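**Student:** Quick one: structure below, then a few questions.
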Amino acid sequence: MSVLQQMLGKYDTTTTDGALNGLREVMQEVALAGLYRGGFFNKAAFYGGTCLRIFYGLPRFSEDLDFSLLASDADFSLEPYFKSVRDEFAALGIDVEISTKKKTVSTGIESAFLKGDTRLFSLAVHAEKTVKIKFEVDTQPPLGFSTEEKLLLQPFSFYAKCFSLPDLFAGKMHALLYRKWKSRVKGRDWFDFEWYIRKGIPMNLSHFIVRARQSGHLLEDRLTEQDFREMLERRIDALDVAAAKNDVSRFLKDAAALNIWSREYFKELALRITLKEG
C-alpha cells in the first residue's frame, strides 16, 4: 500500500463530503511536510482550526492553513518554499498548482486578526473535482505567543512548530468576538469554543489583548476579566444558533453533537472559561 493510500485510508470516503474532507486533510499534511523540508518552521508557527485539527485532535475538519511569522517581516515571501511543497506532492505522484497573491484590505478580511498585508497562496489538486487549500501567513503578527513542537507521522515523521493551546484559544476568541461575516455566521468558531471549554484549556488573556489592540478593536492596553465576559455574553445574545449549526455541520462526522446548542448552553460554557495572564 502506498503512503498516499495509507493516509487516505483513515477517512470515510463513502460520501462526497467525507471524500472531500479526507483528501483536503491529506493535502494539508503533505503541504506541511513540504514546508518543513523547506525550513519554513524556522521562521513561522502554525495556528488556527487546521492546526487544532491535525495536532490537537479537534473533531472537525478545517479548510485553510494559517501561519504566523515568529517576528515581523514585511518583505517575507512564500515563493522560496514553493519548490519543496511541489516536490513533496510529486513524491506521492500528485501534480499540484500553486498560485500566489497579495491580500489587500479592499478585498475584505476573512479573520479580523489577519491584516491587509497577509500573504496568501493557494494549492490545487485535480481529482474528480478540483480540491483547493489556502495558505495564509501573517507577516506582521500580534506577538506574545508561545509555541511547541508537534509531531506528525505521515507522509513521514517530522515536527511542526505550533502555537500553544492557550494562545490558540486566545486567537479563536478574538475571531469569535470580532469576526465580520455580514449575514454569515461561522459556526466553526463556536464548535471550537465548545471544544476548548470541554478540554479545560485556559485562555491567554494577554495574547488576546495584543490581538485586539493590533486589530483596532481595543484601544487600551488592558482588559478586565469582567469586560471580557460581558463582551462574550453580548456576542452570545446576538448569535443565530441555527445558522451556526448549518455552517459547521458539513465538517462533522455526526452533526447530532450540535443538538444541545443554544444561547443558554453557550452562556453555561462561558462561565467555565479560565483566563490566564501570559
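FYI, nothing fancy with the C-alpha cells labels: chains A, B, ... in order, residues from 1 per chain, ligands from 1 as they appear.
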Do a neighbour search on Met203 in chain A at 10 Å with only C-alpha atoms, toss out local chain neighbours closer than 2 positions, and write the hits as a CSV table (one decimal) with C-alpha atoms, in the first residue's frame.
**Tutor:**
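Full text of result_20.csv as output:
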chain,number,residue,atom,x,y,z
A,165,LEU,CA,-3.2,25.8,23.2
A,166,PRO,CA,-3.9,28.8,25.5
A,167,ASP,CA,-2.6,31.1,22.7
A,168,LEU,CA,-4.7,29.2,20.1
A,169,PHE,CA,-7.7,29.7,22.3
A,170,ALA,CA,-6.9,33.5,22.5
A,171,GLY,CA,-6.8,33.6,18.7
A,172,LYS,CA,-10.1,31.8,18.5
A,173,MET,CA,-11.8,34.0,20.9
A,196,TYR,CA,-11.6,24.3,24.4
A,197,ILE,CA,-14.0,24.5,27.3
A,200,GLY,CA,-10.4,22.6,30.3
A,201,ILE,CA,-7.9,24.7,28.3
A,205,LEU,CA,-5.9,36.9,28.1
A,206,SER,CA,-2.6,38.8,27.5
A,207,HIS,CA,-2.3,37.4,23.9
A,208,PHE,CA,-6.0,38.2,23.3
A,273,ILE,CA,-13.7,29.8,30.8
A,274,THR,CA,-10.5,30.0,32.8
A,275,LEU,CA,-8.3,33.1,31.9
A,276,LYS,CA,-4.6,33.2,32.4
A,277,GLU,CA,-2.1,36.1,32.1
A,278,GLY,CA,0.9,35.4,29.9
**Student:** Got a sec: who's within 6 Å of range 189-192 of chain A, counting only C-alpha atoms, leaving out chain neighbours fewer than 3 positions off, as a short mmCIF file (atom, residue, chain, number, x, y, z; two decimals) with N, CA and C atoms, in the first residue's frame?
**Tutor:**
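For reference, result_27.cif as written:
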data_model
loop_
_atom_site.label_atom_id
_atom_site.label_comp_id
_atom_site.auth_asym_id
_atom_site.auth_seq_id
_atom_site.Cartn_x
_atom_site.Cartn_y
_atom_site.Cartn_z
N LEU A 176 -13.93 34.85 17.23
CA LEU A 176 -15.33 34.67 17.62
C LEU A 176 -15.99 36.00 18.00
N LYS A 186 -20.17 32.04 11.45
CA LYS A 186 -19.16 30.98 11.36
C LYS A 186 -19.31 30.06 12.57
N TRP A 195 -15.12 23.09 22.28
CA TRP A 195 -14.05 22.11 22.44
C TRP A 195 -13.03 22.56 23.48
#
**Student:** May I have the residues within 6 Å of range 54-64 of chain A as a PDB file with C-alpha atoms, in the first residue's frame, using only C-alpha atoms and disregarding those fewer than 3 positions away in the same chain?
**Tutor:**
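Listing of around_27.pdb after writing:
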ATOM      1  CA  GLY A  49      -8.536  25.459  13.136  1.00  0.00           C
ATOM      2  CA  THR A  50      -6.471  23.158  10.924  1.00  0.00           C
ATOM      3  CA  CYS A  51      -3.604  23.234  13.416  1.00  0.00           C
ATOM      4  CA  ILE A 133      -6.470  24.662   0.148  1.00  0.00           C
ATOM      5  CA  LYS A 134      -5.450  28.182   1.040  1.00  0.00           C
ATOM      6  CA  PHE A 251     -17.275  19.457   8.716  1.00  0.00           C
ATOM      7  CA  LEU A 252     -18.504  16.873  11.235  1.00  0.00           C
TER       8      LEU A 252
END
**Student:** Quick one: residues within 8 Å of range 5-14 of chain A, only C-alpha atoms, excluding same-chain residues fewer than 4 positions away - as a PyMOL selection string?
**Tutor:** chain A and resi 1+18-20+22-23+26+154-155
**Student:** Find the spatial neighbours of Leu143 in chain A, counting only C-alpha atoms, within a cut-off of 9 Å - ignore same-chain residues fewer than 4 positions away - and output them as a list in words.
**Tutor:**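 With the cut-off at 9 Å, the set is Leu70, Ala71, Ser72, His207, Val210 and Arg211 of chain A.
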**Student:** List the spatial neighbours of Asp87 in chain A as an NGL selection string - criterion: any atom at most 10 Å away, only C-alpha atoms, same-chain residues fewer than 4 positions off excluded.
**Tutor:** :A and (31 or 34 or 37 or 82-83 or 91-96)
**Student:** Give me, as a list in words, all polymer residues having an atom no more than 12 Å from Arg213 in chain A, counting only C-alpha atoms and skipping those fewer than 6 positions away in the same chain.
**Tutor:** Ala112, Phe113, Pro141, Pro142, Leu143, His174, Tyr178, Ser206, His207, Leu219, Glu220, Asp221, Arg222 and Leu223 of chain A
**Student:** Could those residues be written to a file, using N, CA and C atoms, as a PDB file, in the first residue's frame?
**Tutor:**
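Listed below is the output, again_13.pdb:
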ATOM      1  N   ALA A 112     -10.428  38.703  11.552  1.00  0.00           N
ATOM      2  CA  ALA A 112     -10.065  40.043  11.995  1.00  0.00           C
ATOM      3  C   ALA A 112      -8.591  40.163  12.346  1.00  0.00           C
ATOM      4  N   PHE A 113      -7.977  39.049  12.785  1.00  0.00           N
ATOM      5  CA  PHE A 113      -6.578  39.137  13.184  1.00  0.00           C
ATOM      6  C   PHE A 113      -5.616  39.023  12.009  1.00  0.00           C
ATOM      7  N   PRO A 141       2.645  39.840  12.628  1.00  0.00           N
ATOM      8  CA  PRO A 141       1.661  39.252  13.550  1.00  0.00           C
ATOM      9  C   PRO A 141       1.637  39.914  14.919  1.00  0.00           C
ATOM     10  N   PRO A 142       0.508  39.748  15.625  1.00  0.00           N
ATOM     11  CA  PRO A 142       0.490  40.090  17.042  1.00  0.00           C
ATOM     12  C   PRO A 142       1.358  39.072  17.782  1.00  0.00           C
ATOM     13  N   LEU A 143       2.296  39.557  18.564  1.00  0.00           N
ATOM     14  CA  LEU A 143       3.232  38.656  19.224  1.00  0.00           C
ATOM     15  C   LEU A 143       2.758  38.307  20.633  1.00  0.00           C
ATOM     16  N   HIS A 174     -10.645  35.822  19.767  1.00  0.00           N
ATOM     17  CA  HIS A 174     -10.573  37.075  19.020  1.00  0.00           C
ATOM     18  C   HIS A 174     -11.428  36.982  17.760  1.00  0.00           C
ATOM     19  N   TYR A 178     -14.876  39.197  17.223  1.00  0.00           N
ATOM     20  CA  TYR A 178     -14.719  40.348  16.342  1.00  0.00           C
ATOM     21  C   TYR A 178     -14.909  40.043  14.857  1.00  0.00           C
ATOM     22  N   SER A 206      -3.609  37.798  27.941  1.00  0.00           N
ATOM     23  CA  SER A 206      -2.589  38.753  27.494  1.00  0.00           C
ATOM     24  C   SER A 206      -2.442  38.723  25.976  1.00  0.00           C
ATOM     25  N   HIS A 207      -2.417  37.531  25.388  1.00  0.00           N
ATOM     26  CA  HIS A 207      -2.285  37.434  23.939  1.00  0.00           C
ATOM     27  C   HIS A 207      -3.561  37.910  23.248  1.00  0.00           C
ATOM     28  N   LEU A 219      -8.753  49.785  22.441  1.00  0.00           N
ATOM     29  CA  LEU A 219      -7.935  50.989  22.403  1.00  0.00           C
ATOM     30  C   LEU A 219      -6.981  51.097  23.577  1.00  0.00           C
ATOM     31  N   GLU A 220      -7.230  50.340  24.633  1.00  0.00           N
ATOM     32  CA  GLU A 220      -6.375  50.399  25.818  1.00  0.00           C
ATOM     33  C   GLU A 220      -5.491  49.160  25.890  1.00  0.00           C
ATOM     34  N   ASP A 221      -4.496  49.215  26.772  1.00  0.00           N
ATOM     35  CA  ASP A 221      -3.549  48.111  26.901  1.00  0.00           C
ATOM     36  C   ASP A 221      -4.023  47.039  27.873  1.00  0.00           C
ATOM     37  N   ARG A 222      -5.185  47.230  28.444  1.00  0.00           N
ATOM     38  CA  ARG A 222      -5.673  46.247  29.394  1.00  0.00           C
ATOM     39  C   ARG A 222      -7.150  45.969  29.167  1.00  0.00           C
ATOM     40  N   LEU A 223      -7.578  44.820  29.610  1.00  0.00           N
ATOM     41  CA  LEU A 223      -8.977  44.413  29.528  1.00  0.00           C
ATOM     42  C   LEU A 223      -9.244  43.564  30.759  1.00  0.00           C
TER      43      LEU A 223
END
